[in-house]
>>> print(open('run_23.csv').read())   # CSV, C-alpha atoms and all ligand atoms
chain,number,residue,atom,x,y,z
A,226,MET,CA,93.7,39.4,27.2
A,227,SER,CA,89.9,39.4,27.2
A,228,PHE,CA,88.2,39.3,23.8
A,229,ASP,CA,86.4,42.4,22.7
A,230,PRO,CA,83.3,41.5,20.6
A,231,SER,CA,83.1,45.0,19.1
A,232,SER,CA,86.4,44.3,17.4
A,233,ILE,CA,84.6,42.2,14.8
A,234,SER,CA,81.9,43.5,12.5
A,235,VAL,CA,79.6,41.6,10.3
A,236,PRO,CA,78.4,43.1,6.9
A,237,SER,CA,74.6,43.6,7.2
A,238,ASP,CA,73.9,41.7,4.0
A,239,LEU,CA,75.2,38.5,5.7
A,240,LEU,CA,73.0,38.8,8.8
A,241,PRO,CA,69.7,36.9,9.2
A,242,ALA,CA,66.6,39.1,8.5
A,243,ASP,CA,65.4,38.1,12.0
A,244,GLY,CA,67.9,37.5,14.7
A,245,ARG,CA,65.9,35.5,17.2
A,246,PHE,CA,67.1,31.9,17.6
A,247,CYS,CA,66.2,31.3,21.2
A,248,CYS,CA,65.0,27.8,22.2
A,249,GLY,CA,62.2,29.2,24.3
A,250,PRO,CA,60.6,31.7,24.5
A,251,SER,CA,61.2,31.6,20.8
A,252,LYS,CA,60.6,34.0,17.8
A,253,VAL,CA,57.1,35.4,17.7
A,254,ARG,CA,56.0,36.2,14.2
A,255,HIS,CA,54.8,39.8,13.6
A,256,GLU,CA,51.5,38.5,12.4
A,257,GLN,CA,50.9,37.0,15.9
A,258,VAL,CA,51.5,40.4,17.4
A,259,ASP,CA,49.1,41.9,14.8
A,260,ALA,CA,46.5,39.4,16.0
A,261,ILE,CA,46.8,40.8,19.5
A,262,VAL,CA,46.3,44.3,18.2
A,263,ALA,CA,43.3,43.1,16.3
A,264,ALA,CA,41.9,41.6,19.5
A,265,ARG,CA,42.3,44.8,21.5
A,266,ASP,CA,38.7,45.8,21.7
A,267,THR,CA,36.9,42.5,21.6
A,268,LEU,CA,39.0,39.9,23.5
A,269,LEU,CA,41.7,41.6,25.6
A,270,GLY,CA,40.3,42.7,28.9
A,271,THR,CA,37.1,40.7,28.6
A,272,SER,CA,35.7,37.9,30.8
A,273,HIS,CA,37.1,34.4,30.3
A,274,ARG,CA,33.7,33.1,31.2
A,275,LYS,CA,31.9,34.8,28.3
A,276,PRO,CA,31.6,33.7,24.7
A,277,PRO,CA,34.4,35.7,23.0
A,278,VAL,CA,37.2,34.2,25.1
A,279,LYS,CA,35.5,30.8,25.4
A,280,ASN,CA,35.2,30.7,21.6
A,281,LEU,CA,38.9,31.4,21.4
A,282,VAL,CA,39.7,28.6,23.8
A,283,GLY,CA,37.4,26.3,21.7
A,284,ALA,CA,39.1,27.4,18.5
A,285,VAL,CA,42.6,26.6,19.9
A,286,ARG,CA,41.3,23.2,21.1
A,287,SER,CA,39.8,22.3,17.8
A,288,LYS,CA,42.7,23.6,15.7
A,289,LEU,CA,45.1,21.6,17.8
A,290,SER,CA,43.0,18.5,17.3
A,291,ASP,CA,43.1,19.1,13.5
A,292,LEU,CA,46.9,19.8,13.5
A,293,PHE,CA,47.6,16.5,15.3
A,294,ALA,CA,44.8,14.6,13.4
A,295,LEU,CA,43.6,13.3,16.8
A,296,PRO,CA,41.1,10.4,16.6
A,297,ASP,CA,37.6,10.6,18.0
A,298,GLY,CA,37.6,10.5,21.8
A,299,TRP,CA,40.8,12.6,22.3
A,300,GLU,CA,40.5,15.8,24.2
A,301,ILE,CA,42.7,18.9,24.4
A,302,VAL,CA,43.0,19.8,28.1
A,303,LEU,CA,44.6,23.1,29.3
A,304,GLY,CA,45.5,25.0,32.4
A,305,ASN,CA,47.8,27.6,33.8
A,306,GLY,CA,51.5,27.1,34.8
A,307,GLY,CA,53.4,25.8,31.8
A,308,SER,CA,55.0,22.4,31.3
A,309,THR,CA,56.8,22.4,34.6
A,310,VAL,CA,53.5,22.7,36.4
A,311,PHE,CA,52.1,19.9,34.2
A,312,TRP,CA,54.7,17.6,35.7
A,313,ASP,CA,53.1,18.2,39.1
A,314,VAL,CA,49.7,17.8,37.6
A,315,ALA,CA,50.7,14.4,36.2
A,316,THR,CA,52.0,13.2,39.5
A,317,PHE,CA,48.7,14.0,41.0
A,318,GLY,CA,46.4,13.0,38.2
A,319,LEU,CA,48.0,10.5,35.7
A,320,VAL,CA,50.5,8.3,37.5
A,321,ARG,CA,48.6,5.6,39.4
A,322,GLU,CA,51.5,4.1,41.4
A,323,ARG,CA,54.8,4.0,39.5
A,324,SER,CA,56.3,5.5,36.4
A,325,GLN,CA,59.3,4.8,34.2
A,326,HIS,CA,61.2,7.6,32.7
A,327,ALA,CA,63.6,8.0,29.8
A,328,VAL,CA,66.1,10.5,31.2
A,329,PHE,CA,68.6,12.1,28.8
A,330,GLY,CA,69.0,15.7,29.8
A,331,GLU,CA,67.8,18.5,32.0
A,332,PHE,CA,64.1,18.5,31.2
A,333,SER,CA,63.5,14.7,31.1
A,334,SER,CA,65.2,14.5,34.5
A,335,LYS,CA,62.8,17.0,36.0
A,336,PHE,CA,59.6,14.9,35.6
A,337,ALA,CA,61.4,11.9,37.1
A,338,GLU,CA,62.4,14.0,40.1
A,339,ALA,CA,58.8,15.2,40.5
A,340,CYS,CA,57.6,11.6,40.6
A,341,ALA,CA,60.4,10.6,42.9
A,342,SER,CA,59.5,13.3,45.4
A,343,ALA,CA,55.7,12.7,45.3
A,344,PRO,CA,54.8,11.0,48.6
A,345,HIS,CA,51.9,9.1,47.2
A,346,LEU,CA,53.9,7.4,44.4
A,347,GLY,CA,56.4,4.6,44.4
A,348,THR,CA,60.0,5.2,43.5
A,349,PRO,CA,60.1,5.7,39.7
A,350,SER,CA,62.2,3.5,37.4
A,351,VAL,CA,64.7,5.6,35.6
A,352,VAL,CA,66.4,4.6,32.3
A,353,LYS,CA,69.3,7.0,31.5
A,354,SER,CA,71.6,7.5,28.6
A,355,ASP,CA,74.5,9.9,28.1
A,356,VAL,CA,73.7,13.5,27.0
A,357,GLY,CA,73.6,13.6,23.2
A,358,THR,CA,71.8,10.3,22.9
A,359,HIS,CA,68.4,8.9,24.1
A,360,PRO,CA,67.6,5.6,25.9
A,361,SER,CA,64.8,3.2,25.0
A,362,LEU,CA,62.1,2.2,27.6
A,363,HIS,CA,61.0,-1.4,28.2
A,364,ALA,CA,58.0,-3.0,29.8
A,365,GLU,CA,58.4,-3.5,33.5
A,366,ASP,CA,56.0,-5.0,36.0
A,367,GLY,CA,54.1,-2.5,38.1
A,368,ILE,CA,54.7,0.5,35.8
A,369,ASP,CA,51.5,2.3,34.9
A,370,ALA,CA,53.0,5.3,33.1
A,371,TYR,CA,56.0,5.6,30.7
A,372,ALA,CA,57.5,9.1,30.3
A,373,LEU,CA,59.1,10.1,27.1
A,374,THR,CA,60.5,13.5,25.9
A,375,HIS,CA,59.9,14.1,22.2
A,376,ASN,CA,62.7,16.7,22.0
A,377,GLU,CA,65.2,17.1,24.8
A,378,THR,CA,65.7,20.9,24.5
A,379,SER,CA,68.9,20.9,26.7
A,380,THR,CA,70.9,18.7,24.3
A,381,GLY,CA,69.2,18.8,20.9
A,382,VAL,CA,68.2,15.1,20.9
A,383,ALA,CA,64.8,14.1,19.4
A,384,MET,CA,63.2,10.7,19.7
A,385,GLN,CA,60.7,8.8,17.6
A,386,LEU,CA,57.6,8.2,19.7
A,387,THR,CA,56.7,4.5,20.1
A,388,ARG,CA,55.1,2.6,22.9
A,389,PRO,CA,57.8,0.8,24.9
A,390,ALA,CA,58.3,-2.7,23.7
A,391,GLY,CA,56.1,-5.2,25.5
A,392,THR,CA,53.6,-2.6,26.9
A,393,SER,CA,50.0,-2.3,25.9
A,394,ALA,CA,47.7,0.7,25.6
A,395,ASP,CA,45.2,-1.0,28.0
A,396,SER,CA,47.3,-1.2,31.1
A,397,SER,CA,49.8,1.6,30.9
A,398,LEU,CA,49.9,5.2,29.6
A,399,VAL,CA,52.6,6.8,27.5
A,400,LEU,CA,53.2,10.4,28.7
A,401,VAL,CA,55.2,12.6,26.3
A,402,ASP,CA,56.8,16.0,27.2
A,403,ALA,CA,56.5,17.6,23.8
A,404,THR,CA,57.1,21.2,25.0
A,405,SER,CA,59.7,22.0,22.3
A,406,ALA,CA,58.5,19.5,19.7
A,407,ALA,CA,54.7,20.0,19.5
A,408,GLY,CA,54.0,21.7,16.1
A,409,GLY,CA,57.5,21.1,14.7
A,410,LEU,CA,58.0,17.3,14.8
A,411,THR,CA,55.5,14.6,13.6
A,412,TRP,CA,54.1,11.8,15.8
A,413,SER,CA,51.3,9.3,15.7
A,414,PRO,CA,48.5,9.4,18.3
A,415,SER,CA,48.4,5.5,18.3
A,416,GLU,CA,51.8,5.5,20.1
A,417,VAL,CA,50.9,8.1,22.8
A,418,ASP,CA,48.3,8.8,25.5
A,419,VAL,CA,49.2,12.2,26.7
A,420,TYR,CA,51.1,14.7,24.5
A,421,TYR,CA,51.7,17.8,26.6
A,422,PHE,CA,53.4,21.1,25.9
A,423,ALA,CA,53.5,24.9,26.5
A,424,PRO,CA,53.0,27.4,23.7
A,425,GLN,CA,56.3,29.4,23.8
A,426,LYS,CA,58.3,27.1,21.5
A,427,CYS,CA,57.0,25.9,18.1
A,428,PHE,CA,53.7,27.8,18.7
A,429,ALA,CA,55.7,31.0,19.2
A,430,ALA,CA,53.4,32.4,21.9
A,431,ASP,CA,54.2,33.2,25.5
A,432,GLY,CA,54.8,30.8,28.4
A,433,GLY,CA,52.6,30.2,31.3
A,434,LEU,CA,50.0,27.8,29.9
A,435,TRP,CA,50.0,24.0,29.6
A,436,LEU,CA,48.1,22.1,27.0
A,437,ALA,CA,47.7,18.3,26.8
A,438,ALA,CA,46.3,16.1,24.1
A,439,CYS,CA,44.7,13.2,26.0
A,440,SER,CA,43.7,9.8,24.6
A,441,PRO,CA,40.5,8.0,25.7
A,442,ALA,CA,42.7,5.8,27.9
A,443,ALA,CA,44.3,8.9,29.5
A,444,ILE,CA,40.8,10.3,30.1
A,445,GLU,CA,39.8,7.1,31.8
A,446,ARG,CA,42.8,7.3,34.1
A,447,ILE,CA,42.1,11.0,34.9
A,448,ASN,CA,38.5,10.0,35.9
A,449,GLU,CA,39.7,7.0,37.8
A,450,ILE,CA,42.1,9.0,39.9
A,451,GLY,CA,39.7,11.9,40.0
A,452,GLY,CA,37.1,9.6,41.7
A,453,SER,CA,39.7,8.2,44.2
A,454,GLU,CA,40.6,9.3,47.7
A,455,ARG,CA,44.0,10.7,46.6
A,456,TRP,CA,44.4,14.3,47.9
A,457,ARG,CA,44.9,16.7,45.0
A,458,PRO,CA,45.4,20.5,45.2
A,459,ALA,CA,42.5,21.9,43.1
A,460,SER,CA,44.8,24.0,40.9
A,461,LEU,CA,46.7,20.8,40.0
A,462,ASP,CA,43.7,18.6,39.6
A,463,LEU,CA,43.5,17.2,36.1
A,464,ALA,CA,39.9,16.1,36.6
A,465,ILE,CA,38.9,19.7,37.3
A,466,ALA,CA,41.0,20.9,34.3
A,467,LEU,CA,39.4,18.3,32.1
A,468,ASP,CA,35.9,19.4,33.2
A,469,ASN,CA,36.7,23.1,32.5
A,470,SER,CA,38.4,22.4,29.2
A,471,THR,CA,35.5,20.5,27.7
A,472,LYS,CA,33.5,23.7,28.5
A,473,ASN,CA,36.2,25.8,26.7
A,474,GLN,CA,37.4,27.3,30.0
A,475,THR,CA,40.3,27.1,32.4
A,476,TYR,CA,40.0,26.6,36.1
A,477,ASN,CA,41.4,30.0,36.8
A,478,THR,CA,42.1,33.1,34.6
A,479,PRO,CA,44.3,32.4,31.6
A,480,ALA,CA,46.6,34.9,29.8
A,481,VAL,CA,44.3,35.9,26.9
A,482,ALA,CA,47.1,37.4,24.7
A,483,THR,CA,48.9,34.1,24.9
A,484,LEU,CA,45.8,32.3,23.5
A,485,VAL,CA,45.5,34.9,20.8
A,486,MET,CA,49.1,34.3,19.7
A,487,LEU,CA,48.7,30.6,19.8
A,488,ASP,CA,45.5,30.8,17.8
A,489,ALA,CA,47.2,32.9,15.1
A,490,GLN,CA,50.1,30.4,14.9
A,491,LEU,CA,47.7,27.5,14.5
A,492,ASP,CA,45.9,29.4,11.6
A,493,TRP,CA,49.3,30.0,10.0
A,494,MET,CA,50.3,26.3,10.3
A,495,LEU,CA,46.9,24.9,9.2
A,496,GLY,CA,46.5,27.5,6.4
A,497,ASN,CA,49.8,26.4,4.9
A,498,GLY,CA,49.3,22.6,5.0
A,499,GLY,CA,49.3,21.6,8.7
A,500,LEU,CA,51.9,19.7,10.7
A,501,ASP,CA,53.8,18.2,7.8
A,502,TRP,CA,54.3,21.6,6.4
A,503,ALA,CA,55.4,23.1,9.7
A,504,ALA,CA,57.7,20.1,10.5
A,505,GLY,CA,59.1,20.4,6.9
A,506,ARG,CA,60.3,23.9,7.6
A,507,SER,CA,62.2,22.8,10.7
A,508,ALA,CA,63.6,19.8,8.7
A,509,THR,CA,64.8,22.1,6.0
A,510,SER,CA,66.5,24.3,8.6
A,511,ALA,CA,68.1,21.3,10.3
A,512,ALA,CA,69.5,19.9,7.1
A,513,THR,CA,71.1,23.3,6.5
A,514,LEU,CA,72.6,23.6,10.0
A,515,TYR,CA,73.9,20.1,10.4
A,516,GLY,CA,75.2,20.0,6.8
A,517,TRP,CA,77.0,23.2,7.4
A,518,ALA,CA,78.6,22.0,10.6
A,519,GLU,CA,79.7,18.7,9.0
A,520,ALA,CA,81.4,20.6,6.2
A,521,ARG,CA,83.6,22.6,8.7
A,522,ASP,CA,86.7,21.2,10.3
A,523,TRP,CA,86.1,23.5,13.4
A,524,ALA,CA,82.4,22.6,13.9
A,525,SER,CA,80.4,19.4,14.3
A,526,PRO,CA,76.9,18.3,15.3
A,527,PHE,CA,76.9,17.4,19.0
A,528,VAL,CA,74.5,14.5,18.5
A,529,ALA,CA,76.5,11.8,16.8
A,530,ASN,CA,73.6,9.7,15.5
A,531,PRO,CA,71.9,11.6,12.7
A,532,ASP,CA,68.6,9.8,13.5
A,533,GLU,CA,68.6,11.4,17.0
A,534,ARG,CA,69.4,14.9,15.9
A,535,SER,CA,66.6,17.3,16.5
A,536,ASN,CA,65.0,19.3,13.7
A,537,VAL,CA,63.8,22.0,16.1
A,538,VAL,CA,66.8,22.5,18.4
A,539,GLY,CA,70.3,22.3,16.8
A,540,THR,CA,73.4,21.8,19.0
A,541,ILE,CA,76.8,22.4,17.3
A,542,ASP,CA,80.1,21.8,19.1
A,543,LEU,CA,83.0,24.2,18.2
A,544,ASP,CA,86.7,23.4,18.2
A,545,ASP,CA,88.4,24.3,21.5
A,546,SER,CA,90.4,27.0,19.6
A,547,ILE,CA,87.2,29.0,19.1
A,548,ASP,CA,85.3,30.1,22.2
A,549,ALA,CA,81.6,29.7,21.6
A,550,ASN,CA,80.9,32.5,24.2
A,551,ASP,CA,82.9,34.9,22.1
A,552,VAL,CA,81.1,33.9,18.9
A,553,CYS,CA,77.8,34.4,20.7
A,554,ALA,CA,78.9,37.8,22.0
A,555,VAL,CA,79.7,39.0,18.5
A,556,LEU,CA,76.4,37.7,17.2
A,557,ARG,CA,74.6,39.5,20.0
A,558,GLN,CA,76.2,42.8,19.1
A,559,HIS,CA,74.7,42.3,15.7
A,560,GLY,CA,71.2,41.5,16.9
A,561,VAL,CA,71.6,37.7,16.5
A,562,LEU,CA,70.4,36.5,19.8
A,563,ASP,CA,70.4,33.5,22.2
A,564,THR,CA,72.6,31.1,20.3
A,565,ASP,CA,74.3,30.1,23.6
A,566,ALA,CA,74.6,26.5,24.8
A,567,TYR,CA,72.3,25.3,27.5
A,568,ARG,CA,74.0,26.5,30.7
A,569,LYS,CA,74.1,23.3,32.6
A,570,LEU,CA,75.4,21.2,29.6
A,571,GLY,CA,78.6,23.3,29.9
A,572,ARG,CA,79.9,22.6,26.4
A,573,ASN,CA,81.7,24.8,23.9
A,574,GLN,CA,78.7,24.8,21.7
A,575,LEU,CA,76.1,26.9,19.8
A,576,ARG,CA,72.4,26.0,20.3
A,577,VAL,CA,70.0,27.2,17.7
A,578,GLY,CA,66.2,27.3,17.7
A,579,MET,CA,64.9,26.0,14.4
A,580,PHE,CA,61.2,26.2,15.2
A,581,PRO,CA,58.7,26.5,12.3
A,582,ALA,CA,58.4,30.3,12.8
A,583,ILE,CA,62.1,30.7,12.1
A,584,GLU,CA,62.8,31.2,8.4
A,585,PRO,CA,65.0,28.4,6.9
A,586,SER,CA,66.7,31.2,5.0
A,587,ASP,CA,67.7,32.8,8.3
A,588,ILE,CA,69.3,29.6,9.4
A,589,GLU,CA,71.3,29.7,6.2
A,590,ALA,CA,72.2,33.3,6.9
A,591,LEU,CA,73.2,32.4,10.5
A,592,THR,CA,75.7,29.8,9.2
A,593,ALA,CA,77.3,32.4,6.8
A,594,THR,CA,77.4,34.9,9.7
A,595,VAL,CA,79.2,32.4,12.0
A,596,ASP,CA,81.7,31.6,9.1
A,597,HIS,CA,82.5,35.3,8.9
A,598,VAL,CA,82.9,35.7,12.6
A,599,VAL,CA,85.1,32.7,13.0
A,600,ALA,CA,87.3,33.8,10.1
A,601,GLN,CA,87.7,37.2,11.7
A,602,MET,CA,88.5,35.7,15.1
A,603,SER,CA,91.3,33.5,14.0
A,701,LIG,C1,60.9,24.5,27.8
A,701,LIG,C2,60.7,23.1,28.2
A,701,LIG,C3,60.1,22.7,29.4
A,701,LIG,C4,59.7,23.8,30.4
A,701,LIG,O1,58.6,24.5,30.0
A,701,LIG,P1,57.9,25.6,30.9
A,701,LIG,O2,56.7,26.0,30.2
A,701,LIG,O3,58.9,26.7,31.1
A,701,LIG,O4,57.6,25.0,32.2
A,701,LIG,C5,59.8,21.4,29.7
A,701,LIG,N1,60.2,20.4,28.9
A,701,LIG,C6,60.8,20.7,27.7
A,701,LIG,C7,61.2,19.6,26.8
A,701,LIG,C8,61.1,22.0,27.4
A,701,LIG,O5,61.7,22.3,26.2
>>> encode(input="run_23.csv", output="C-alpha cells", more="lines below")
Ligand SMILES: *Cc1c(COP(=O)(O)O)cnc(C)c1O
Amino acid sequence: MSFDPSSISVPSDLLPADGRFCCGPSKVRHEQVDAIVAARDTLLGTSHRKPPVKNLVGAVRSKLSDLFALPDGWEIVLGNGGSTVFWDVATFGLVRERSQHAVFGEFSSKFAEACASAPHLGTPSVVKSDVGTHPSLHAEDGIDAYALTHNETSTGVAMQLTRPAGTSADSSLVLVDATSAAGGLTWSPSEVDVYYFAPQKCFAADGGLWLAACSPAAIERINEIGGSERWRPASLDLAIALDNSTKNQTYNTPAVATLVMLDAQLDWMLGNGGLDWAAGRSATSAATLYGWAEARDWASPFVANPDERSNVVGTIDLDDSIDANDVCAVLRQHGVLDTDAYRKLGRNQLRVGMFPAIEPSDIEALTATVDHVVAQMS
C-alpha cells in the first residue's frame, strides 16, 4: 500500500516560521528581496559599465574582503557561470601542470574530473575517502595546485582548511571550493590561495555568478598563465576576469539582482558582527540538529566523526523502518521544503540546510515537526 502524505497533519504551532531548508538555492531573506525593490529605479535595468552598478560590484568586493579579513594584496575576482564554470576557469587559469584533489563526494569529484579531461593538464592525483568522511592531502612531487572542498554539500562533511603537510605557499596553490561554506564556516587566509564560491548558499542570493578570493600567489599564477601560450577561451580566462574585477566590472553582463541580494546579505552579516556571528548561527543550528538526532533511537548523524560534521549542511540517517521520502512528503505538504537526501547518495536520509539566513529557532521547530510526523507514521 502506498503511503498517503495527506493522512498526517502537523499542528501549525509546531511548524517552522519559514519552511525553506534547501541546500542551494537556499532561503533568501525578505530583506534581500526588499533590497531588490529598493533598487528598482536606480540599479535594475541600468548599464553595468556605469557607476551605479560598478559601485555595487565594488561594494560587494570590499565587503567580502572585510568579511574574510583578507590581508593586503588579495583580490576578489568574479565572473559569470557559478562554481561549476569556475572549475573550468581553474583548469585554464590556475593549474599549471598537475593538481591533487581531495575527493569525498559529488562536488569534490567534479573538479577532479574537469582537470582529468583538460588536454593541456597532466592526469590529476586523486585522494579519496568514503562518503561521510574526508581525506587529507599530502605533498607530492610535480603537483602545483591542491584542491580542497570546505563543505561537501552532497554528504554534509566539512573540513578544516590547512595547507597539505609538506607543501609551501611559494611553490603550490591551495584551491578551495567553498560554494556552500563561504559565509557560514570560518577559515584562515594563510592556509588558502583561492577561496571560490557562488552566492546561492550562505549568501542567500541567486546562482549564476562565481566569486573567488585570490591571494598574491594566486594572482601571480593567474598572470603567469595569462602571459603564456596556453589557449584559453575568453569567457573562461582568469586574467581577463581579474582585469575586469579590479575595475569593478565583469567580462560580460552580470545578473544585477543577484548582486543586489548578495550585497544586502553582506550588510546583514557585517552589521551583526561579521563572519564569526554568521558562522555562530550555523553552529547553533548544527548543535540543535545533531543533538536531536543523537537523542533519538531512530535517527543518527550520517557523519560519524563529530569534527567532520558540517554546520551548514546537516545529514541525518533514519532507521529503515521509517521512509525518509515519506517524511519529506509530509513536510512538503506543510510547506517545509527540500529536506530530501542528495539524490546520488541514495541513503534513507534527511538533508537540512543550516545556512546563516536560516533561523536557529526554525531548525529547532523542524526537529519537533519531524518528531511529530514520525510518531504519527508508526
Ligand atoms: C552547489 C555547489 C557547487 C555547484 O555550484 P553551481 O553554482 O551550481 O555551479 C559546487 N560545489 C559545491 C561544494 C556546492 O555546494
>>> residues_near_ligand(input="run_23.csv", ligand="ligand LIG 701 (chain A)", cutoff="9 Å", atoms="all atoms listed in the file", output="PyMOL selection string")
chain A and resi 248-250+306-312+331-333+335-336+374-379+402-406+422-426+431-435
>>> closest_residue(input="run_23.csv", among="A:Gln257, A:Ser460, A:Gln474, A:Ser413", to="A:Ser272", atoms="only C-alpha atoms")
A:Gln474
>>> residues_near_point(input="run_23.csv", point="(65.0, 29.4, 8.4)", cutoff="10 Å", atoms="all atoms listed in the file", output="list in words")
Pro241, Ala242, Asp243, Phe246, Arg506, Ser507, Ala508, Thr509, Ser510, Ala511, Thr513, Leu514, Gly578, Met579, Phe580, Pro581, Ala582, Ile583, Glu584, Pro585, Ser586, Asp587, Ile588, Glu589, Ala590 and Leu591 of chain A
>>> closest_residue(input="run_23.csv", among="A:Ser535, A:Ser350, A:Ser227, A:Ser234", to="A:Gln601", atoms="all atoms listed in the file")
A:Ser234
>>> residues_around(input="run_23.csv", residues="A:Leu303", least_positions_apart="4", cutoff="9 Å", atoms="all atoms listed in the file", output="MDAnalysis selection string")
chainID A and resid 286 434:438 466:467 469:470 474:476
>>> write_last_selection(input="run_23.csv", atoms="C-alpha atoms", output="PDB file, in the frame of the given file")
ATOM      1  CA  ARG A 286      41.300  23.200  21.100  1.00  0.00           C
ATOM      2  CA  LEU A 434      50.000  27.800  29.900  1.00  0.00           C
ATOM      3  CA  TRP A 435      50.000  24.000  29.600  1.00  0.00           C
ATOM      4  CA  LEU A 436      48.100  22.100  27.000  1.00  0.00           C
ATOM      5  CA  ALA A 437      47.700  18.300  26.800  1.00  0.00           C
ATOM      6  CA  ALA A 438      46.300  16.100  24.100  1.00  0.00           C
ATOM      7  CA  ALA A 466      41.000  20.900  34.300  1.00  0.00           C
ATOM      8  CA  LEU A 467      39.400  18.300  32.100  1.00  0.00           C
ATOM      9  CA  ASN A 469      36.700  23.100  32.500  1.00  0.00           C
ATOM     10  CA  SER A 470      38.400  22.400  29.200  1.00  0.00           C
ATOM     11  CA  GLN A 474      37.400  27.300  30.000  1.00  0.00           C
ATOM     12  CA  THR A 475      40.300  27.100  32.400  1.00  0.00           C
ATOM     13  CA  TYR A 476      40.000  26.600  36.100  1.00  0.00           C
TER      14      TYR A 476
END
>>> atom_distance(input="run_23.csv", atom1="atom CA of A:Ser397", atom2="atom CA of A:Asp369")
4.4 Å
>>> atom_distance(input="run_23.csv", atom1="atom CA of A:Glu445", atom2="atom CA of A:Phe293")
20.5 Å
>>> closest_residue(input="run_23.csv", among="A:Ala480, A:Ala512, A:Ala593, A:Ala529", to="A:Ile261", atoms="only C-alpha atoms")
A:Ala480
